[in-house]
Amino acid sequence: MAGAPTVSLPELRSLLASGRARLIDVRSREEAAAGTIPGALNIPVSELESALQMEPAAFQALYSAEKPKRDDENLIFFCQMGKRGLQATQLAQGLGYTGARNYAGAYREWFQKEG
């Protein structure tokens, strides 16, 4: 399995501060409810493929958020430890989301350093 573009914690902080990142938490709803990175949209990895192929209006209705665009520059996926985030990034790339990236440090690193 090939790697995927990643983002580091300092880069993520900078992108979030400037409003240039779209964060997707691909953990389960229960995991996300217990704590997530501020501003992240929770789409469990099991739903991601269908979510990214929905019509924008259906996505908006289900997730109460605008559907990411295929050319969004910093569409950043993360999970708890990094594995599901990598899977999500590769899946999104396969669907044509060219700016998909994985926050490899995942929520664990965020919680340790930012929590």
# chains A, B, ... in the order shown; residues from 1 in each chain; ligands from 1

call {"tool": "residues_around", "arguments": {"residues": "Arg22 of chain A", "least_positions_apart": "2", "cutoff": "7 Å", "atoms": "only C-alpha atoms", "output": "list in words"}}
result
Arg20, Ile24, Asn74, Leu75 and Ile76 of chain A

call {"tool": "write_last_selection", "arguments": {"atoms": "C-alpha atoms", "output": "short mmCIF file (atom, residue, chain, number, x, y, z; two decimals), in the first residue's frame"}}
result
data_model
loop_
_atom_site.label_atom_id
_atom_site.label_comp_id
_atom_site.auth_asym_id
_atom_site.auth_seq_id
_atom_site.Cartn_x
_atom_site.Cartn_y
_atom_site.Cartn_z
CA ARG A 20 -7.17 26.96 4.95
CA ILE A 24 -12.50 15.27 8.60
CA ASN A 74 -6.12 20.86 2.22
CA LEU A 75 -8.72 18.18 2.86
CA ILE A 76 -7.19 16.64 5.97
#

call {"tool": "residues_around", "arguments": {"residues": "segment 44-46 of chain A", "least_positions_apart": "2", "cutoff": "6 Å", "atoms": "only C-alpha atoms", "output": "mmCIF file with all heavy atoms, in the first residue's frame"}}
result
data_model
loop_
_atom_site.group_PDB
_atom_site.id
_atom_site.type_symbol
_atom_site.label_atom_id
_atom_site.label_comp_id
_atom_site.auth_asym_id
_atom_site.auth_seq_id
_atom_site.Cartn_x
_atom_site.Cartn_y
_atom_site.Cartn_z
ATOM 1 N N VAL A 26 -12.370 10.729 10.936
ATOM 2 C CA VAL A 26 -12.938 9.487 10.412
ATOM 3 C C VAL A 26 -13.101 8.413 11.493
ATOM 4 O O VAL A 26 -13.353 7.259 11.185
ATOM 5 C CB VAL A 26 -12.131 8.937 9.208
ATOM 6 C CG1 VAL A 26 -12.180 9.923 8.048
ATOM 7 C CG2 VAL A 26 -10.691 8.611 9.580
ATOM 8 N N ARG A 27 -13.014 8.819 12.755
ATOM 9 C CA ARG A 27 -13.259 7.869 13.840
ATOM 10 C C ARG A 27 -14.759 7.637 13.992
ATOM 11 O O ARG A 27 -15.574 8.319 13.367
ATOM 12 C CB ARG A 27 -12.673 8.410 15.147
ATOM 13 C CG ARG A 27 -11.160 8.617 15.087
ATOM 14 C CD ARG A 27 -10.623 9.259 16.347
ATOM 15 N NE ARG A 27 -11.271 10.555 16.556
ATOM 16 C CZ ARG A 27 -11.382 11.152 17.741
ATOM 17 N NH1 ARG A 27 -10.893 10.594 18.821
ATOM 18 N NH2 ARG A 27 -11.977 12.330 17.839
ATOM 19 N N SER A 28 -15.112 6.695 14.850
ATOM 20 C CA SER A 28 -16.531 6.421 15.087
ATOM 21 C C SER A 28 -17.190 7.631 15.754
ATOM 22 O O SER A 28 -16.517 8.493 16.329
ATOM 23 C CB SER A 28 -16.685 5.201 16.004
ATOM 24 O OG SER A 28 -16.245 5.527 17.319
ATOM 25 N N LEU A 48 -17.345 6.921 4.617
ATOM 26 C CA LEU A 48 -16.664 7.956 3.840
ATOM 27 C C LEU A 48 -16.833 7.807 2.336
ATOM 28 O O LEU A 48 -17.115 8.790 1.643
ATOM 29 C CB LEU A 48 -15.173 7.983 4.197
ATOM 30 C CG LEU A 48 -14.392 9.127 3.564
ATOM 31 C CD1 LEU A 48 -14.879 10.478 4.089
ATOM 32 C CD2 LEU A 48 -12.909 8.962 3.834
#

call {"tool": "select_by_dssp", "arguments": {"residues": "segment 3-76 of chain A", "states": "strand (DSSP E)", "output": "list in words"}}
result
Thr6, Val7, Arg22, Leu23, Ile24, Asp25, Leu41, Asn42, Leu75 and Ile76 of chain A

call {"tool": "write_last_selection", "arguments": {"atoms": "all heavy atoms", "output": "mmCIF file, in the first residue's frame"}}
result
data_model
loop_
_atom_site.group_PDB
_atom_site.id
_atom_site.type_symbol
_atom_site.label_atom_id
_atom_site.label_comp_id
_atom_site.auth_asym_id
_atom_site.auth_seq_id
_atom_site.Cartn_x
_atom_site.Cartn_y
_atom_site.Cartn_z
ATOM 1 N N THR A 6 1.027 13.703 3.837
ATOM 2 C CA THR A 6 0.712 13.915 5.246
ATOM 3 C C THR A 6 0.860 15.381 5.613
ATOM 4 O O THR A 6 1.420 16.181 4.867
ATOM 5 C CB THR A 6 1.640 13.081 6.148
ATOM 6 O OG1 THR A 6 2.985 13.462 5.890
ATOM 7 C CG2 THR A 6 1.458 11.591 5.909
ATOM 8 N N VAL A 7 0.365 15.706 6.788
ATOM 9 C CA VAL A 7 0.496 17.044 7.347
ATOM 10 C C VAL A 7 1.001 16.868 8.779
ATOM 11 O O VAL A 7 0.588 15.948 9.476
ATOM 12 C CB VAL A 7 -0.848 17.823 7.270
ATOM 13 C CG1 VAL A 7 -1.940 17.134 8.033
ATOM 14 C CG2 VAL A 7 -0.682 19.238 7.738
ATOM 15 N N ARG A 22 -9.667 21.864 5.720
ATOM 16 C CA ARG A 22 -10.958 21.209 5.948
ATOM 17 C C ARG A 22 -10.643 19.897 6.646
ATOM 18 O O ARG A 22 -9.990 19.023 6.086
ATOM 19 C CB ARG A 22 -11.639 20.971 4.600
ATOM 20 C CG ARG A 22 -13.017 20.360 4.700
ATOM 21 C CD ARG A 22 -14.055 21.452 5.019
ATOM 22 N NE ARG A 22 -15.335 20.862 5.312
ATOM 23 C CZ ARG A 22 -16.286 20.641 4.421
ATOM 24 N NH1 ARG A 22 -16.091 20.963 3.166
ATOM 25 N NH2 ARG A 22 -17.427 20.102 4.783
ATOM 26 N N LEU A 23 -11.043 19.772 7.907
ATOM 27 C CA LEU A 23 -10.697 18.609 8.725
ATOM 28 C C LEU A 23 -11.837 17.604 8.769
ATOM 29 O O LEU A 23 -12.974 17.963 9.071
ATOM 30 C CB LEU A 23 -10.449 19.058 10.167
ATOM 31 C CG LEU A 23 -9.054 19.429 10.596
ATOM 32 C CD1 LEU A 23 -9.071 19.822 12.060
ATOM 33 C CD2 LEU A 23 -8.089 18.309 10.369
ATOM 34 N N ILE A 24 -11.517 16.345 8.517
ATOM 35 C CA ILE A 24 -12.498 15.265 8.598
ATOM 36 C C ILE A 24 -12.008 14.235 9.614
ATOM 37 O O ILE A 24 -10.944 13.639 9.438
ATOM 38 C CB ILE A 24 -12.726 14.568 7.236
ATOM 39 C CG1 ILE A 24 -12.982 15.573 6.111
ATOM 40 C CG2 ILE A 24 -13.831 13.515 7.354
ATOM 41 C CD1 ILE A 24 -14.336 16.209 6.081
ATOM 42 N N ASP A 25 -12.786 14.043 10.675
ATOM 43 C CA ASP A 25 -12.494 13.045 11.707
ATOM 44 C C ASP A 25 -13.165 11.747 11.267
ATOM 45 O O ASP A 25 -14.399 11.670 11.209
ATOM 46 C CB ASP A 25 -13.074 13.533 13.038
ATOM 47 C CG ASP A 25 -12.791 12.604 14.206
ATOM 48 O OD1 ASP A 25 -12.407 11.442 13.985
ATOM 49 O OD2 ASP A 25 -12.984 13.050 15.351
ATOM 50 N N LEU A 41 -15.206 17.797 11.038
ATOM 51 C CA LEU A 41 -16.466 17.158 10.675
ATOM 52 C C LEU A 41 -16.276 15.661 10.849
ATOM 53 O O LEU A 41 -15.318 15.101 10.330
ATOM 54 C CB LEU A 41 -16.820 17.487 9.219
ATOM 55 C CG LEU A 41 -18.044 16.782 8.627
ATOM 56 C CD1 LEU A 41 -19.309 17.189 9.371
ATOM 57 C CD2 LEU A 41 -18.166 17.111 7.152
ATOM 58 N N ASN A 42 -17.181 15.006 11.580
ATOM 59 C CA ASN A 42 -17.064 13.565 11.805
ATOM 60 C C ASN A 42 -17.804 12.792 10.719
ATOM 61 O O ASN A 42 -19.010 12.907 10.572
ATOM 62 C CB ASN A 42 -17.624 13.216 13.193
ATOM 63 C CG ASN A 42 -17.599 11.732 13.502
ATOM 64 O OD1 ASN A 42 -18.569 11.178 13.994
ATOM 65 N ND2 ASN A 42 -16.493 11.071 13.232
ATOM 66 N N LEU A 75 -7.653 19.014 2.316
ATOM 67 C CA LEU A 75 -8.719 18.177 2.859
ATOM 68 C C LEU A 75 -8.014 17.153 3.746
ATOM 69 O O LEU A 75 -7.403 16.208 3.253
ATOM 70 C CB LEU A 75 -9.489 17.500 1.727
ATOM 71 C CG LEU A 75 -10.671 16.631 2.133
ATOM 72 C CD1 LEU A 75 -11.703 17.445 2.902
ATOM 73 C CD2 LEU A 75 -11.294 15.999 0.903
ATOM 74 N N ILE A 76 -8.034 17.399 5.038
ATOM 75 C CA ILE A 76 -7.189 16.640 5.965
ATOM 76 C C ILE A 76 -8.019 15.653 6.775
ATOM 77 O O ILE A 76 -8.986 16.032 7.434
ATOM 78 C CB ILE A 76 -6.418 17.600 6.886
ATOM 79 C CG1 ILE A 76 -5.552 18.515 6.010
ATOM 80 C CG2 ILE A 76 -5.578 16.825 7.898
ATOM 81 C CD1 ILE A 76 -4.908 19.660 6.739
#

call {"tool": "closest_residue", "arguments": {"among": "A:Gly94, A:Pro5, A:Pro68, A:Gly35", "to": "Tyr107 of chain A", "atoms": "only C-alpha atoms"}}
result
A:Gly35

call {"tool": "closest_residue", "arguments": {"among": "A:Ser18, A:Asn102, A:Gln80, A:Thr89", "to": "Glu30 of chain A", "atoms": "only C-alpha atoms"}}
result
A:Gln80

call {"tool": "closest_residue", "arguments": {"among": "A:Ala17, A:Leu12, A:Arg101, A:Lys113", "to": "Glu73 of chain A", "atoms": "only C-alpha atoms"}}
result
A:Arg101

call {"tool": "residues_around", "arguments": {"residues": "Leu9 of chain A", "least_positions_apart": "6", "cutoff": "9 Å", "atoms": "only C-alpha atoms", "output": "PyMOL selection string"}}
result
chain A and resi 103-106+109-110

call {"tool": "closest_residue", "arguments": {"among": "A:Ala88, A:Ala57, A:Met81, A:Ala21", "to": "Pro38 of chain A", "atoms": "only C-alpha atoms"}}
result
A:Ala21

call {"tool": "atom_distance", "arguments": {"atom1": "atom CA of Ile43 of chain A", "atom2": "atom CA of Gly99 of chain A"}}
result
17.4 Å

call {"tool": "atom_distance", "arguments": {"atom1": "atom CA of Glu66 of chain A", "atom2": "atom CA of Ala40 of chain A"}}
result
12.4 Å

call {"tool": "closest_residue", "arguments": {"among": "A:Leu62, A:Leu91, A:Ala33, A:Leu16", "to": "Glu49 of chain A", "atoms": "only C-alpha atoms"}}
result
A:Leu91

call {"tool": "closest_residue", "arguments": {"among": "A:Gln112, A:Ala65, A:Leu52, A:Phe59", "to": "Gly96 of chain A", "atoms": "only C-alpha atoms"}}
result
A:Leu52

call {"tool": "decode", "arguments": {"residues": "segment 33-60 of chain A", "atoms": "N, CA and C atoms", "output": "short mmCIF file (atom, residue, chain, number, x, y, z; two decimals), in the first residue's frame"}}
result
data_model
loop_
_atom_site.label_atom_id
_atom_site.label_comp_id
_atom_site.auth_asym_id
_atom_site.auth_seq_id
_atom_site.Cartn_x
_atom_site.Cartn_y
_atom_site.Cartn_z
N ALA A 33 -17.37 11.95 19.73
CA ALA A 33 -18.17 12.60 20.79
C ALA A 33 -17.35 12.79 22.06
N ALA A 34 -16.36 11.94 22.27
CA ALA A 34 -15.52 12.03 23.46
C ALA A 34 -14.46 13.12 23.35
N GLY A 35 -14.28 13.66 22.16
CA GLY A 35 -13.31 14.73 21.96
C GLY A 35 -12.75 14.69 20.55
N THR A 36 -12.62 15.86 19.93
CA THR A 36 -12.08 15.93 18.57
C THR A 36 -11.33 17.24 18.40
N ILE A 37 -10.73 17.42 17.25
CA ILE A 37 -10.03 18.68 16.95
C ILE A 37 -11.10 19.71 16.59
N PRO A 38 -11.06 20.89 17.20
CA PRO A 38 -12.09 21.90 16.92
C PRO A 38 -12.25 22.17 15.42
N GLY A 39 -13.50 22.19 14.99
CA GLY A 39 -13.81 22.47 13.60
C GLY A 39 -13.88 21.24 12.71
N ALA A 40 -13.56 20.07 13.25
CA ALA A 40 -13.57 18.84 12.43
C ALA A 40 -15.00 18.35 12.20
N LEU A 41 -15.21 17.80 11.04
CA LEU A 41 -16.47 17.16 10.68
C LEU A 41 -16.28 15.66 10.85
N ASN A 42 -17.18 15.01 11.58
CA ASN A 42 -17.06 13.57 11.81
C ASN A 42 -17.80 12.79 10.72
N ILE A 43 -17.04 12.03 9.94
CA ILE A 43 -17.59 11.08 8.97
C ILE A 43 -16.85 9.77 9.20
N PRO A 44 -17.45 8.82 9.91
CA PRO A 44 -16.75 7.55 10.15
C PRO A 44 -16.23 6.95 8.86
N VAL A 45 -15.04 6.33 8.93
CA VAL A 45 -14.40 5.80 7.73
C VAL A 45 -15.31 4.82 7.00
N SER A 46 -16.18 4.13 7.73
CA SER A 46 -17.10 3.17 7.10
C SER A 46 -18.12 3.85 6.19
N GLU A 47 -18.35 5.16 6.39
CA GLU A 47 -19.33 5.92 5.59
C GLU A 47 -18.67 6.80 4.54
N LEU A 48 -17.34 6.92 4.62
CA LEU A 48 -16.66 7.96 3.84
C LEU A 48 -16.83 7.81 2.34
N GLU A 49 -16.70 6.60 1.82
CA GLU A 49 -16.79 6.42 0.37
C GLU A 49 -18.14 6.88 -0.15
N SER A 50 -19.22 6.46 0.51
CA SER A 50 -20.54 6.89 0.05
C SER A 50 -20.74 8.38 0.27
N ALA A 51 -20.23 8.93 1.38
CA ALA A 51 -20.38 10.36 1.66
C ALA A 51 -19.72 11.21 0.58
N LEU A 52 -18.53 10.83 0.16
CA LEU A 52 -17.80 11.62 -0.83
C LEU A 52 -18.39 11.49 -2.23
N GLN A 53 -19.30 10.55 -2.42
CA GLN A 53 -19.95 10.39 -3.73
C GLN A 53 -21.39 10.92 -3.74
N MET A 54 -21.85 11.44 -2.61
CA MET A 54 -23.21 11.98 -2.53
C MET A 54 -23.35 13.27 -3.33
N GLU A 55 -24.58 13.56 -3.68
CA GLU A 55 -24.88 14.89 -4.22
C GLU A 55 -24.67 15.90 -3.09
N PRO A 56 -24.22 17.11 -3.41
CA PRO A 56 -23.96 18.10 -2.35
C PRO A 56 -25.14 18.34 -1.42
N ALA A 57 -26.35 18.38 -1.95
CA ALA A 57 -27.52 18.63 -1.09
C ALA A 57 -27.76 17.49 -0.10
N ALA A 58 -27.56 16.26 -0.55
CA ALA A 58 -27.73 15.10 0.34
C ALA A 58 -26.65 15.10 1.42
N PHE A 59 -25.41 15.45 1.05
CA PHE A 59 -24.32 15.53 2.02
C PHE A 59 -24.65 16.58 3.07
N GLN A 60 -25.10 17.75 2.61
CA GLN A 60 -25.46 18.84 3.51
C GLN A 60 -26.55 18.41 4.48
#
